[in-house]
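A.B. asks: Just dropping this structure here.
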Amino acid sequence: MTFSKTSLALIVIGLSILAVFSFVLFLTKPFKGCRNCNVILVSLDTLRADSLACYGYFRDTAPNLCNFAKENVLFLNSYSNADSTLPSHFSIFTSLYPSSHGVTEILRYELSPGITPLAQFLKNNGYETVFVGQENDPSFPLDKGLGRGFDKIIYNVEDPKQWTDGLESLLENSKQNKPTFLFLHTYGIHSPYLKILKEDVFTQGSFPQLPTTKKAYFEFNETLLGYIFEDLETRISESKTPESLKRNTQLYGNLKNAASLDKAREIFEELPEYERWGIYSKRYFLSLNTQDPKQVEYLKALYDEGIYRIDQAILGTLDFLKSNNLDKNTIVIITSDHGEEFLEHGEFLHGPTLYNHTTFVPLIISVPGVKEREIQEMAQGIDIYPTIAGLLKLKTPEWLQGIDLTGLISDYPLAKKNRFVVSESYGLQYRSIRDGEWELMTNNDGKVELYNMKEDFYEKENVAEKYPVVVDELTTAMNKILAKKTVFPSVDVGFPDWLDEVKRRKLEKEGYF
């Protein structure tokens, strides 16, 4: 057998490259792990990544958080697997896509008993597990599976300054050489966007008609009562079950017959919190002139001030770890479950669409002994569970759908990488897939949207008709990813009798959930 000079040269080059790669691989050994390290998982609900300076935002909304990111590992392209709190957190805690874990609608579904969520997994591996978050939260229902495995439940309102009890548990356990998993959650950035800071950090001017103080937002007056009657009249006319008709008719009559405004307020305050929240939210957004860019920008500035306020409180958590020398044996992961829209696509809040304003979320990871770096490769919420296990060198269940990001975090040449990230909306109305260059979004009505993420990150121009081949390829990839995954049927415990299908959809649309 003979070879041409060109062939021999190519063989030599190939062998040289292989030798260099093998040498680099030899020098860059896999991460040894952080066995028995504490783990803190922080969920800053509703924080969109592009509202942080470390993701390119023009305002320095979170100097402490971004400084922490600069000193640790920052994932520049991280996405949530859902558009809202409930399905997204279930995906984080199970490493399953929403259609796989099945808990996609509030009040109705319960996690399959066959799933071992993150807290239970760590508890089974010798960790004390501590939850710090809001009490009786239908969007984070501990009684529907998310509480499975937590040893200690600590309720707070919305301020990370109240995370102290959870941190003290971590400190006490560390003194006894007992590893701790601490989950910290806050709605401090979530709507309503209120003027809580005394000084104007980002806001300019004022709009007196907007109920942006706590007093104005929660004031029970004739205007709010009018919204309640309007809402109940619609519910009664659309009631599809006898229980729903009876409940809403009775409530309407009680409010109409109330002897005074104070008595009506007492009746209103007996309603479930998510119902009251929906009425308050309705008045809030109906007070806004959406055609006035200054008012819309004012709300965005209030949202940014919420980030700033939470960032100041987070500094206390980071200082606590350092001052007690806990940062030397504690993994810290800071992320969000979803982002927020401010009319970029015609809507406020989040969902059911899966645009980048809603799904592009921060992911910052601190691991003892790992150098600071920025990572361009894509990450997603379902990667957090297997990554924690990988960093701790624990064997995971085979059914996890995310990947272990440990290799990327430690800069290992053979690191696993996401070829695609997939998201599904609340109620599975929308689905999307991203490959780093393209974003495809489809819905149950047959609408198809395609965007070039390199040139049009904020989805201004739908180019689906222009690139049908890309649409077909991404559709096929998304269908394959979701079809081959294990599905764990959730337990359908049913909605409350008074909550029929029509009313439930209306409540969802108007922000009750």
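By convention here, the chains of the structure tokens are called A, B, ... in the order presented, each chain's residues are numbered starting at 1, and ligands are numbered starting at 1 in the order presented.
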Find the residues near A:Leu65: any atom within 10 Å, counting only C-alpha atoms, skip ones fewer than 4 places away on the same chain, and give them as a list in words.
C.D. replies: Leu52, Ala53, Cys54, Thr61, Ala69, Lys70, Ile307, Tyr308, Ile310, Asp311, Gln312, Ile314, Leu315, Leu318, Ile334 and Ile364 of chain A
A.B. asks: Using only C-alpha atoms, which protein or nucleic acid residues come within 8 Å of A:Arg434? Drop anything in the same chain fewer than 6 positions from it, and give the result as number ranges by chain.
C.D. replies: A: 420-422, 440
A.B. asks: Give the answer as one residue: which of A:Lys454, A:Lys152, A:Arg419, A:Lys460 has the shortest atom-to-atom distance to A:Met478, using only C-alpha atoms?
C.D. replies: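 The closest residue to A:Met478 is A:Arg419.
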A.B. asks: With only C-alpha atoms as the counted atoms, please give the residues lying no more than 12 Å from A:Asn177, apart from itself and same-chain residues fewer than 5 positions off, as a short mmCIF file (atom, residue, chain, number, x, y, z; two decimals) with N, CA and C atoms, in the first residue's frame.
C.D. replies:
```cif
data_model
loop_
_atom_site.label_atom_id
_atom_site.label_comp_id
_atom_site.auth_asym_id
_atom_site.auth_seq_id
_atom_site.Cartn_x
_atom_site.Cartn_y
_atom_site.Cartn_z
N ASN A 36 -19.87 15.58 50.11
CA ASN A 36 -20.44 16.02 51.39
C ASN A 36 -20.46 17.54 51.55
N CYS A 37 -20.28 18.26 50.46
CA CYS A 37 -20.42 19.72 50.55
C CYS A 37 -21.88 20.10 50.77
N ASN A 38 -22.09 21.20 51.46
CA ASN A 38 -23.43 21.74 51.57
C ASN A 38 -23.88 22.24 50.20
N GLY A 126 -28.04 11.25 52.90
CA GLY A 126 -27.48 11.71 54.16
C GLY A 126 -27.57 13.19 54.44
N TYR A 127 -28.28 13.96 53.62
CA TYR A 127 -28.39 15.40 53.81
C TYR A 127 -29.60 15.76 54.66
N GLU A 128 -29.43 16.79 55.50
CA GLU A 128 -30.61 17.41 56.10
C GLU A 128 -31.10 18.43 55.08
N LEU A 170 -28.05 25.65 58.55
CA LEU A 170 -26.86 25.22 57.82
C LEU A 170 -25.62 25.32 58.69
N LEU A 171 -25.48 26.42 59.40
CA LEU A 171 -24.32 26.63 60.27
C LEU A 171 -24.27 25.59 61.39
N GLU A 172 -25.42 25.36 62.01
CA GLU A 172 -25.48 24.39 63.12
C GLU A 172 -25.14 22.99 62.64
N LEU A 326 -18.25 29.14 55.69
CA LEU A 326 -19.06 28.09 55.06
C LEU A 326 -18.86 28.06 53.54
N ASN A 329 -16.94 25.01 51.90
CA ASN A 329 -17.50 23.67 51.68
C ASN A 329 -18.98 23.73 51.30
#
```
A.B. asks: Figure out the distance between atom CA of A:Glu135 and atom CA of A:Leu107, please, to one decimal in Å.
C.D. replies: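 Atom-to-atom, atom CA of A:Leu107 and atom CA of A:Glu135 are spaced 14.8 Å apart.
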A.B. asks: For the helix (DSSP H, G or I) assignment from backbone DSSP, which residues of stretch 59-120 of chain A qualify? Please present them as a CSV table (one decimal) with all heavy atoms, in the first residue's frame.
C.D. replies:
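For reference, out_27.csv as written:
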```csv
chain,number,residue,atom,x,y,z
A,63,PRO,N,-25.6,44.6,41.6
A,63,PRO,CA,-24.1,44.7,41.7
A,63,PRO,C,-23.5,43.5,42.5
A,63,PRO,O,-22.5,43.0,42.2
A,63,PRO,CB,-23.9,46.0,42.4
A,63,PRO,CG,-25.1,46.4,43.0
A,63,PRO,CD,-26.2,45.8,42.2
A,64,ASN,N,-24.2,43.1,43.6
A,64,ASN,CA,-23.7,42.0,44.4
A,64,ASN,C,-23.8,40.7,43.7
A,64,ASN,O,-22.9,39.9,43.8
A,64,ASN,CB,-24.5,42.0,45.8
A,64,ASN,CG,-24.3,43.3,46.5
A,64,ASN,OD1,-23.2,43.7,46.8
A,64,ASN,ND2,-25.4,43.9,46.9
A,65,LEU,N,-24.9,40.4,43.1
A,65,LEU,CA,-25.1,39.2,42.4
A,65,LEU,C,-24.2,39.1,41.2
A,65,LEU,O,-23.6,38.0,41.0
A,65,LEU,CB,-26.6,39.1,41.9
A,65,LEU,CG,-27.0,37.8,41.3
A,65,LEU,CD1,-26.9,36.6,42.3
A,65,LEU,CD2,-28.5,37.9,40.8
A,66,CYS,N,-24.0,40.2,40.5
A,66,CYS,CA,-23.0,40.1,39.4
A,66,CYS,C,-21.6,40.0,39.8
A,66,CYS,O,-20.8,39.4,39.1
A,66,CYS,CB,-23.3,41.3,38.5
A,66,CYS,SG,-24.8,41.2,37.4
A,67,ASN,N,-21.3,40.6,40.9
A,67,ASN,CA,-19.9,40.5,41.5
A,67,ASN,C,-19.7,39.0,41.9
A,67,ASN,O,-18.6,38.5,41.6
A,67,ASN,CB,-19.7,41.4,42.7
A,67,ASN,CG,-18.3,41.4,43.2
A,67,ASN,OD1,-17.3,41.7,42.4
A,67,ASN,ND2,-18.1,41.0,44.4
A,68,PHE,N,-20.7,38.4,42.4
A,68,PHE,CA,-20.6,37.0,42.8
A,68,PHE,C,-20.4,36.1,41.5
A,68,PHE,O,-19.6,35.2,41.5
A,68,PHE,CB,-21.9,36.6,43.5
A,68,PHE,CG,-22.0,35.1,43.9
A,68,PHE,CD1,-21.2,34.7,45.0
A,68,PHE,CD2,-22.8,34.2,43.3
A,68,PHE,CE1,-21.2,33.3,45.4
A,68,PHE,CE2,-22.9,32.9,43.7
A,68,PHE,CZ,-22.1,32.5,44.7
A,69,ALA,N,-21.1,36.5,40.4
A,69,ALA,CA,-21.0,35.8,39.2
A,69,ALA,C,-19.6,36.0,38.6
A,69,ALA,O,-19.0,35.0,38.1
A,69,ALA,CB,-22.0,36.3,38.2
A,70,LYS,N,-19.1,37.1,38.7
A,70,LYS,CA,-17.7,37.4,38.2
A,70,LYS,C,-16.7,36.6,38.9
A,70,LYS,O,-15.7,36.2,38.3
A,70,LYS,CB,-17.4,38.9,38.4
A,70,LYS,CG,-16.0,39.3,37.8
A,70,LYS,CD,-15.8,40.8,38.0
A,70,LYS,CE,-14.5,41.3,37.4
A,70,LYS,NZ,-14.3,42.7,37.6
A,85,THR,N,-44.1,29.6,37.5
A,85,THR,CA,-43.5,29.1,38.7
A,85,THR,C,-43.8,27.6,38.9
A,85,THR,O,-42.8,26.8,39.2
A,85,THR,CB,-44.0,29.8,39.9
A,85,THR,OG1,-43.7,31.2,39.7
A,85,THR,CG2,-43.4,29.3,41.2
A,86,LEU,N,-45.0,27.1,38.7
A,86,LEU,CA,-45.3,25.7,39.0
A,86,LEU,C,-44.6,24.7,38.2
A,86,LEU,O,-43.8,23.9,38.7
A,86,LEU,CB,-46.8,25.5,38.9
A,86,LEU,CG,-47.3,24.1,39.2
A,86,LEU,CD1,-47.6,23.9,40.7
A,86,LEU,CD2,-48.6,23.8,38.4
A,87,PRO,N,-44.8,24.7,36.9
A,87,PRO,CA,-44.1,23.7,36.1
A,87,PRO,C,-42.6,23.8,36.0
A,87,PRO,O,-41.9,22.8,35.9
A,87,PRO,CB,-44.7,23.8,34.7
A,87,PRO,CG,-45.2,25.2,34.6
A,87,PRO,CD,-45.7,25.5,36.0
A,88,SER,N,-42.1,25.1,36.1
A,88,SER,CA,-40.7,25.3,36.1
A,88,SER,C,-40.0,24.7,37.3
A,88,SER,O,-38.9,24.1,37.2
A,88,SER,CB,-40.4,26.8,35.9
A,88,SER,OG,-39.0,27.0,35.8
A,89,HIS,N,-40.5,25.0,38.5
A,89,HIS,CA,-39.9,24.4,39.7
A,89,HIS,C,-40.0,22.9,39.8
A,89,HIS,O,-39.1,22.2,40.2
A,89,HIS,CB,-40.5,25.1,40.9
A,89,HIS,CG,-39.9,26.4,41.3
A,89,HIS,ND1,-40.5,27.6,41.1
A,89,HIS,CD2,-38.7,26.7,41.8
A,89,HIS,CE1,-39.8,28.6,41.5
A,89,HIS,NE2,-38.6,28.1,41.9
A,90,PHE,N,-41.1,22.4,39.3
A,90,PHE,CA,-41.2,20.9,39.2
A,90,PHE,C,-40.1,20.3,38.3
A,90,PHE,O,-39.6,19.3,38.6
A,90,PHE,CB,-42.6,20.5,38.8
A,90,PHE,CG,-43.5,20.3,40.0
A,90,PHE,CD1,-44.4,21.4,40.4
A,90,PHE,CD2,-43.6,19.1,40.7
A,90,PHE,CE1,-45.2,21.2,41.5
A,90,PHE,CE2,-44.4,19.0,41.8
A,90,PHE,CZ,-45.2,20.0,42.2
A,91,SER,N,-39.8,21.0,37.2
A,91,SER,CA,-38.8,20.6,36.3
A,91,SER,C,-37.4,20.7,37.0
A,91,SER,O,-36.6,19.8,36.8
A,91,SER,CB,-38.8,21.4,35.0
A,91,SER,OG,-39.9,21.1,34.2
A,92,ILE,N,-37.2,21.8,37.7
A,92,ILE,CA,-35.9,21.9,38.4
A,92,ILE,C,-35.7,20.8,39.4
A,92,ILE,O,-34.7,20.2,39.6
A,92,ILE,CB,-35.8,23.3,39.1
A,92,ILE,CG1,-35.7,24.4,38.0
A,92,ILE,CG2,-34.6,23.3,40.1
A,92,ILE,CD1,-35.8,25.8,38.6
A,93,PHE,N,-36.8,20.5,40.2
A,93,PHE,CA,-36.7,19.5,41.3
A,93,PHE,C,-36.8,18.1,40.8
A,93,PHE,O,-36.5,17.1,41.6
A,93,PHE,CB,-37.8,19.8,42.3
A,93,PHE,CG,-37.3,20.8,43.4
A,93,PHE,CD1,-37.2,22.1,43.1
A,93,PHE,CD2,-37.0,20.3,44.6
A,93,PHE,CE1,-36.8,23.0,44.1
A,93,PHE,CE2,-36.5,21.2,45.6
A,93,PHE,CZ,-36.5,22.5,45.3
A,94,THR,N,-37.2,17.8,39.6
A,94,THR,CA,-37.3,16.4,39.1
A,94,THR,C,-36.4,16.1,37.9
A,94,THR,O,-36.2,15.0,37.6
A,94,THR,CB,-38.7,16.1,38.6
A,94,THR,OG1,-39.1,17.0,37.5
A,94,THR,CG2,-39.7,16.3,39.8
A,98,PRO,N,-41.8,19.5,31.6
A,98,PRO,CA,-43.2,19.5,32.2
A,98,PRO,C,-44.1,18.4,31.7
A,98,PRO,O,-44.9,17.9,32.5
A,98,PRO,CB,-43.7,20.9,31.6
A,98,PRO,CG,-42.4,21.7,31.6
A,98,PRO,CD,-41.4,20.8,31.1
A,99,SER,N,-44.1,18.0,30.4
A,99,SER,CA,-44.9,17.0,29.9
A,99,SER,C,-44.5,15.6,30.5
A,99,SER,O,-45.3,14.7,30.4
A,99,SER,CB,-44.9,16.9,28.4
A,99,SER,OG,-43.6,16.7,27.9
A,100,SER,N,-43.3,15.5,31.1
A,100,SER,CA,-42.9,14.3,31.7
A,100,SER,C,-43.3,14.2,33.2
A,100,SER,O,-43.7,13.1,33.6
A,100,SER,CB,-41.4,14.1,31.6
A,100,SER,OG,-41.0,13.9,30.2
A,101,HIS,N,-43.1,15.3,33.9
A,101,HIS,CA,-43.5,15.2,35.3
A,101,HIS,C,-45.0,15.4,35.5
A,101,HIS,O,-45.6,15.0,36.5
A,101,HIS,CB,-42.7,16.2,36.2
A,101,HIS,CG,-42.9,17.7,35.9
A,101,HIS,ND1,-44.1,18.3,36.0
A,101,HIS,CD2,-42.0,18.6,35.5
A,101,HIS,CE1,-43.9,19.6,35.7
A,101,HIS,NE2,-42.7,19.8,35.4
A,118,LEU,N,-35.5,16.3,44.0
A,118,LEU,CA,-34.2,16.6,44.4
A,118,LEU,C,-34.0,16.5,46.0
A,118,LEU,O,-33.0,16.0,46.5
A,118,LEU,CB,-33.8,18.0,43.9
A,118,LEU,CG,-32.5,18.6,44.3
A,118,LEU,CD1,-31.3,17.7,43.8
A,118,LEU,CD2,-32.3,20.0,43.8
A,119,ALA,N,-34.9,17.1,46.7
A,119,ALA,CA,-34.8,17.1,48.2
A,119,ALA,C,-34.8,15.7,48.7
A,119,ALA,O,-34.0,15.4,49.6
A,119,ALA,CB,-35.9,18.0,48.8
A,120,GLN,N,-35.7,14.9,48.2
A,120,GLN,CA,-35.7,13.5,48.7
A,120,GLN,C,-34.4,12.7,48.3
A,120,GLN,O,-33.9,11.9,49.1
A,120,GLN,CB,-36.9,12.8,48.1
A,120,GLN,CG,-37.1,11.3,48.6
A,120,GLN,CD,-37.5,11.3,50.0
A,120,GLN,OE1,-38.5,11.9,50.4
A,120,GLN,NE2,-36.7,10.6,50.8
```
A.B. asks: Would you kindly return, as JSON, numbers by chain, each protein, DNA or RNA residue with an atom no farther than 12 Å from any atom of A:Tyr430, considering only C-alpha atoms and excluding same-chain residues fewer than 5 positions away?
C.D. replies: {"A": [81, 82, 83, 98, 99, 104, 351, 352, 353, 354, 355, 422, 423, 424, 425, 440, 441, 442, 443, 444, 445, 446, 447, 448, 449]}
A.B. asks: So that I can check the secondary structure, give me every residue of stretch 304-389 of chain A assigned strand (DSSP E or B) by backbone DSSP, as a ChimeraX atom specification.
C.D. replies: /A:330-335,341-342,348-349,360,363-366,373-380
A.B. asks: Output N, CA and C atoms of each residue in that selection to a file, as a short mmCIF file (atom, residue, chain, number, x, y, z; two decimals), in the first residue's frame.
C.D. replies:
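Final output, saved to part_9.cif:
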```cif
data_model
loop_
_atom_site.label_atom_id
_atom_site.label_comp_id
_atom_site.auth_asym_id
_atom_site.auth_seq_id
_atom_site.Cartn_x
_atom_site.Cartn_y
_atom_site.Cartn_z
N THR A 330 -19.34 24.80 50.58
CA THR A 330 -20.74 24.97 50.19
C THR A 330 -20.85 25.32 48.71
N ILE A 331 -21.65 24.54 48.00
CA ILE A 331 -21.98 24.82 46.60
C ILE A 331 -23.18 25.76 46.59
N VAL A 332 -23.10 26.84 45.85
CA VAL A 332 -24.21 27.81 45.76
C VAL A 332 -24.66 27.91 44.31
N ILE A 333 -25.93 27.70 44.08
CA ILE A 333 -26.51 27.82 42.74
C ILE A 333 -27.63 28.86 42.79
N ILE A 334 -27.51 29.89 41.97
CA ILE A 334 -28.52 30.95 41.93
C ILE A 334 -29.13 30.98 40.53
N THR A 335 -30.45 30.90 40.48
CA THR A 335 -31.14 30.87 39.19
C THR A 335 -32.53 31.47 39.34
N GLU A 341 -42.40 39.73 31.03
CA GLU A 341 -42.58 40.54 29.84
C GLU A 341 -43.18 41.90 30.18
N PHE A 342 -42.77 42.90 29.42
CA PHE A 342 -43.31 44.26 29.57
C PHE A 342 -43.74 44.78 28.20
N PHE A 348 -48.12 41.65 29.48
CA PHE A 348 -47.35 41.80 30.72
C PHE A 348 -47.22 40.42 31.37
N LEU A 349 -46.41 40.36 32.42
CA LEU A 349 -46.21 39.16 33.24
C LEU A 349 -45.50 38.07 32.43
N PHE A 360 -35.34 33.16 29.26
CA PHE A 360 -33.91 33.43 29.42
C PHE A 360 -33.65 33.82 30.87
N LEU A 363 -28.04 31.81 35.55
CA LEU A 363 -27.54 30.61 36.22
C LEU A 363 -26.11 30.89 36.65
N ILE A 364 -25.93 30.99 37.95
CA ILE A 364 -24.63 31.29 38.55
C ILE A 364 -24.31 30.18 39.55
N ILE A 365 -23.13 29.61 39.43
CA ILE A 365 -22.77 28.47 40.27
C ILE A 365 -21.41 28.71 40.91
N SER A 366 -21.36 28.53 42.22
CA SER A 366 -20.11 28.63 42.97
C SER A 366 -19.79 27.25 43.54
N ARG A 373 -15.28 31.52 35.65
CA ARG A 373 -15.30 31.46 34.19
C ARG A 373 -16.72 31.74 33.68
N GLU A 374 -16.80 32.15 32.43
CA GLU A 374 -18.07 32.32 31.75
C GLU A 374 -18.25 31.20 30.75
N ILE A 375 -19.45 30.65 30.69
CA ILE A 375 -19.72 29.49 29.83
C ILE A 375 -20.76 29.86 28.79
N GLN A 376 -20.43 29.67 27.54
CA GLN A 376 -21.32 30.00 26.44
C GLN A 376 -22.33 28.90 26.14
N GLU A 377 -21.98 27.65 26.43
CA GLU A 377 -22.86 26.54 26.10
C GLU A 377 -24.20 26.68 26.83
N MET A 378 -25.25 26.15 26.20
CA MET A 378 -26.60 26.29 26.76
C MET A 378 -26.80 25.39 27.97
N ALA A 379 -27.58 25.90 28.89
CA ALA A 379 -28.00 25.14 30.08
C ALA A 379 -29.50 25.32 30.23
N GLN A 380 -30.13 24.45 31.02
CA GLN A 380 -31.57 24.55 31.26
C GLN A 380 -31.90 24.07 32.66
#
```
A.B. asks: Rank nothing, just name the residue among A:Ser410, A:Ile153, A:Asn221, A:Ser51 nearest to A:Pro368, using only C-alpha atoms.
C.D. replies: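 Residue with the minimum atom-to-atom distance to A:Pro368: A:Ser410.
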A.B. asks: In terms of the shortest atom-to-atom distance over only C-alpha atoms, which of A:Tyr193, A:Gly205, A:Phe150, A:Gly316 is closest to A:Gln162?
C.D. replies: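 Going through A:Tyr193, A:Gly205, A:Phe150, A:Gly316 one by one, the smallest distance to A:Gln162 is for A:Gly316.
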A.B. asks: Using only C-alpha atoms, pick whichever of A:Lys256, A:Lys161, A:Arg247, A:Lys294 has the shortest atom-to-atom distance to A:Ser206.
C.D. replies: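 Looking at the shortest contact to A:Ser206, the residue is A:Lys294.
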A.B. asks: Please measure the separation of atom CA of A:Ser78 and atom CA of A:Pro362, giving the value in Å to one decimal.
C.D. replies: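 Answer for the atom CA of A:Ser78 to atom CA of A:Pro362 separation: 6.2 Å.
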A.B. asks: Give the answer as one residue: which of A:Asn124, A:Thr234, A:Ser287, A:Ser323 has the shortest atom-to-atom distance to A:Pro208, using only C-alpha atoms?
C.D. replies: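 Ranking A:Asn124, A:Thr234, A:Ser287, A:Ser323 by distance to A:Pro208, first place goes to A:Ser287.
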A.B. asks: To one decimal place, how far is atom CA of A:Tyr451 from atom CA of A:His338 in Å?
C.D. replies: 19.6 Å
A.B. asks: Do you know which residues are at most 12 Å from A:Gly114 counting only C-alpha atoms, after dropping those on the same chain fewer than 2 positions away, and could you put them as a list in words?
C.D. replies: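 In the requested form, the answer reads Thr94, His101, Glu110, Leu111, Ser112, Thr116, Pro117, Gln120, Gly145, Arg148, Pro397, Trp399, Thr486, Val487, Phe488, Pro489, Ser490 and Val491 of chain A.
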A.B. asks: Pull all heavy atoms from the residues just selected and write them as a short mmCIF file (atom, residue, chain, number, x, y, z; two decimals), in the first residue's frame.
C.D. replies:
```cif
data_model
loop_
_atom_site.label_atom_id
_atom_site.label_comp_id
_atom_site.auth_asym_id
_atom_site.auth_seq_id
_atom_site.Cartn_x
_atom_site.Cartn_y
_atom_site.Cartn_z
N THR A 94 -37.17 17.82 39.56
CA THR A 94 -37.28 16.43 39.08
C THR A 94 -36.36 16.13 37.91
O THR A 94 -36.18 14.97 37.55
CB THR A 94 -38.72 16.13 38.62
OG1 THR A 94 -39.06 16.96 37.50
CG2 THR A 94 -39.72 16.35 39.75
N HIS A 101 -43.12 15.31 33.92
CA HIS A 101 -43.53 15.24 35.33
C HIS A 101 -45.02 15.45 35.50
O HIS A 101 -45.60 15.02 36.50
CB HIS A 101 -42.73 16.22 36.19
CG HIS A 101 -42.90 17.67 35.88
ND1 HIS A 101 -44.09 18.35 35.98
CD2 HIS A 101 -41.98 18.61 35.48
CE1 HIS A 101 -43.92 19.61 35.67
NE2 HIS A 101 -42.66 19.82 35.35
N GLU A 110 -50.76 16.33 41.15
CA GLU A 110 -49.81 15.97 42.20
C GLU A 110 -48.72 15.11 41.58
O GLU A 110 -48.98 14.28 40.72
CB GLU A 110 -50.53 15.23 43.32
CG GLU A 110 -49.69 14.95 44.55
CD GLU A 110 -50.54 14.36 45.66
OE1 GLU A 110 -51.56 14.99 46.02
OE2 GLU A 110 -50.19 13.27 46.16
N LEU A 111 -47.47 15.30 42.02
CA LEU A 111 -46.34 14.58 41.45
C LEU A 111 -46.47 13.07 41.66
O LEU A 111 -46.87 12.61 42.71
CB LEU A 111 -45.04 15.07 42.10
CG LEU A 111 -43.73 14.62 41.47
CD1 LEU A 111 -43.59 15.23 40.07
CD2 LEU A 111 -42.56 15.05 42.35
N SER A 112 -46.14 12.32 40.62
CA SER A 112 -46.20 10.87 40.69
C SER A 112 -45.35 10.34 41.85
O SER A 112 -44.23 10.81 42.08
CB SER A 112 -45.68 10.26 39.38
OG SER A 112 -45.42 8.88 39.52
N THR A 116 -38.49 10.61 42.49
CA THR A 116 -37.72 11.04 43.66
C THR A 116 -37.22 12.46 43.39
O THR A 116 -36.24 12.64 42.66
CB THR A 116 -36.51 10.13 43.91
OG1 THR A 116 -36.95 8.79 44.08
CG2 THR A 116 -35.75 10.56 45.15
N PRO A 117 -37.88 13.48 43.93
CA PRO A 117 -37.42 14.85 43.67
C PRO A 117 -36.10 15.15 44.37
O PRO A 117 -35.63 14.37 45.21
CB PRO A 117 -38.56 15.72 44.22
CG PRO A 117 -39.26 14.85 45.22
CD PRO A 117 -39.10 13.45 44.75
N GLN A 120 -35.65 14.87 48.21
CA GLN A 120 -35.71 13.48 48.67
C GLN A 120 -34.42 12.73 48.29
O GLN A 120 -33.89 11.94 49.08
CB GLN A 120 -36.91 12.77 48.05
CG GLN A 120 -37.12 11.34 48.55
CD GLN A 120 -37.51 11.30 50.01
OE1 GLN A 120 -38.51 11.89 50.41
NE2 GLN A 120 -36.70 10.63 50.84
N GLY A 145 -46.03 17.46 46.08
CA GLY A 145 -44.81 16.74 45.70
C GLY A 145 -43.53 17.51 45.88
O GLY A 145 -42.46 16.91 46.07
N ARG A 148 -41.72 16.89 49.17
CA ARG A 148 -41.26 15.53 49.42
C ARG A 148 -39.76 15.51 49.71
O ARG A 148 -38.95 15.89 48.87
CB ARG A 148 -41.59 14.66 48.21
CG ARG A 148 -41.59 13.17 48.46
CD ARG A 148 -41.96 12.43 47.18
NE ARG A 148 -43.30 12.76 46.72
CZ ARG A 148 -43.77 12.46 45.51
NH1 ARG A 148 -43.00 11.83 44.64
NH2 ARG A 148 -45.01 12.79 45.18
N PRO A 397 -30.74 8.80 39.61
CA PRO A 397 -31.72 7.92 38.95
C PRO A 397 -31.53 7.97 37.44
O PRO A 397 -31.14 9.00 36.89
CB PRO A 397 -33.07 8.52 39.38
CG PRO A 397 -32.78 9.30 40.62
CD PRO A 397 -31.39 9.82 40.46
N TRP A 399 -33.73 8.03 35.12
CA TRP A 399 -34.76 8.71 34.36
C TRP A 399 -34.58 10.23 34.27
O TRP A 399 -35.38 10.92 33.64
CB TRP A 399 -36.14 8.41 34.93
CG TRP A 399 -36.24 8.44 36.43
CD1 TRP A 399 -36.23 7.37 37.28
CD2 TRP A 399 -36.37 9.60 37.28
NE1 TRP A 399 -36.33 7.79 38.59
CE2 TRP A 399 -36.42 9.14 38.62
CE3 TRP A 399 -36.43 10.97 37.02
CZ2 TRP A 399 -36.54 10.02 39.69
CZ3 TRP A 399 -36.55 11.84 38.08
CH2 TRP A 399 -36.60 11.36 39.41
N THR A 486 -39.15 9.40 29.38
CA THR A 486 -40.08 8.70 30.27
C THR A 486 -41.12 9.67 30.79
O THR A 486 -40.81 10.79 31.19
CB THR A 486 -39.32 8.09 31.47
OG1 THR A 486 -38.31 7.21 30.97
CG2 THR A 486 -40.27 7.32 32.37
N VAL A 487 -42.36 9.26 30.75
CA VAL A 487 -43.46 10.09 31.26
C VAL A 487 -43.97 9.48 32.56
O VAL A 487 -44.28 8.30 32.63
CB VAL A 487 -44.61 10.19 30.23
CG1 VAL A 487 -45.79 10.95 30.83
CG2 VAL A 487 -44.12 10.89 28.97
N PHE A 488 -44.04 10.31 33.60
CA PHE A 488 -44.57 9.87 34.89
C PHE A 488 -45.94 10.51 35.07
O PHE A 488 -46.03 11.71 35.36
CB PHE A 488 -43.64 10.31 36.02
CG PHE A 488 -42.30 9.64 36.01
CD1 PHE A 488 -41.27 10.11 35.21
CD2 PHE A 488 -42.06 8.52 36.81
CE1 PHE A 488 -40.03 9.50 35.20
CE2 PHE A 488 -40.82 7.90 36.80
CZ PHE A 488 -39.80 8.39 36.00
N PRO A 489 -47.00 9.75 34.87
CA PRO A 489 -48.34 10.34 34.99
C PRO A 489 -48.56 10.96 36.37
O PRO A 489 -48.36 10.30 37.39
CB PRO A 489 -49.27 9.14 34.77
CG PRO A 489 -48.45 8.15 34.00
CD PRO A 489 -47.05 8.31 34.53
N SER A 490 -48.90 12.23 36.38
CA SER A 490 -49.18 12.89 37.65
C SER A 490 -50.52 12.39 38.18
O SER A 490 -51.34 11.83 37.45
CB SER A 490 -49.21 14.40 37.47
OG SER A 490 -50.13 14.76 36.46
N VAL A 491 -50.73 12.62 39.46
CA VAL A 491 -51.99 12.22 40.09
C VAL A 491 -52.97 13.37 39.96
O VAL A 491 -52.72 14.48 40.44
CB VAL A 491 -51.77 11.88 41.58
CG1 VAL A 491 -53.09 11.49 42.22
CG2 VAL A 491 -50.74 10.76 41.72
#
```
A.B. asks: When distances are computed from only C-alpha atoms, which of A:Asp456, A:Asp327, A:Asp200, A:Asp304 shows the smallest separation from A:Gly436?
C.D. replies: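 Looking at the shortest contact to A:Gly436, the residue is A:Asp456.
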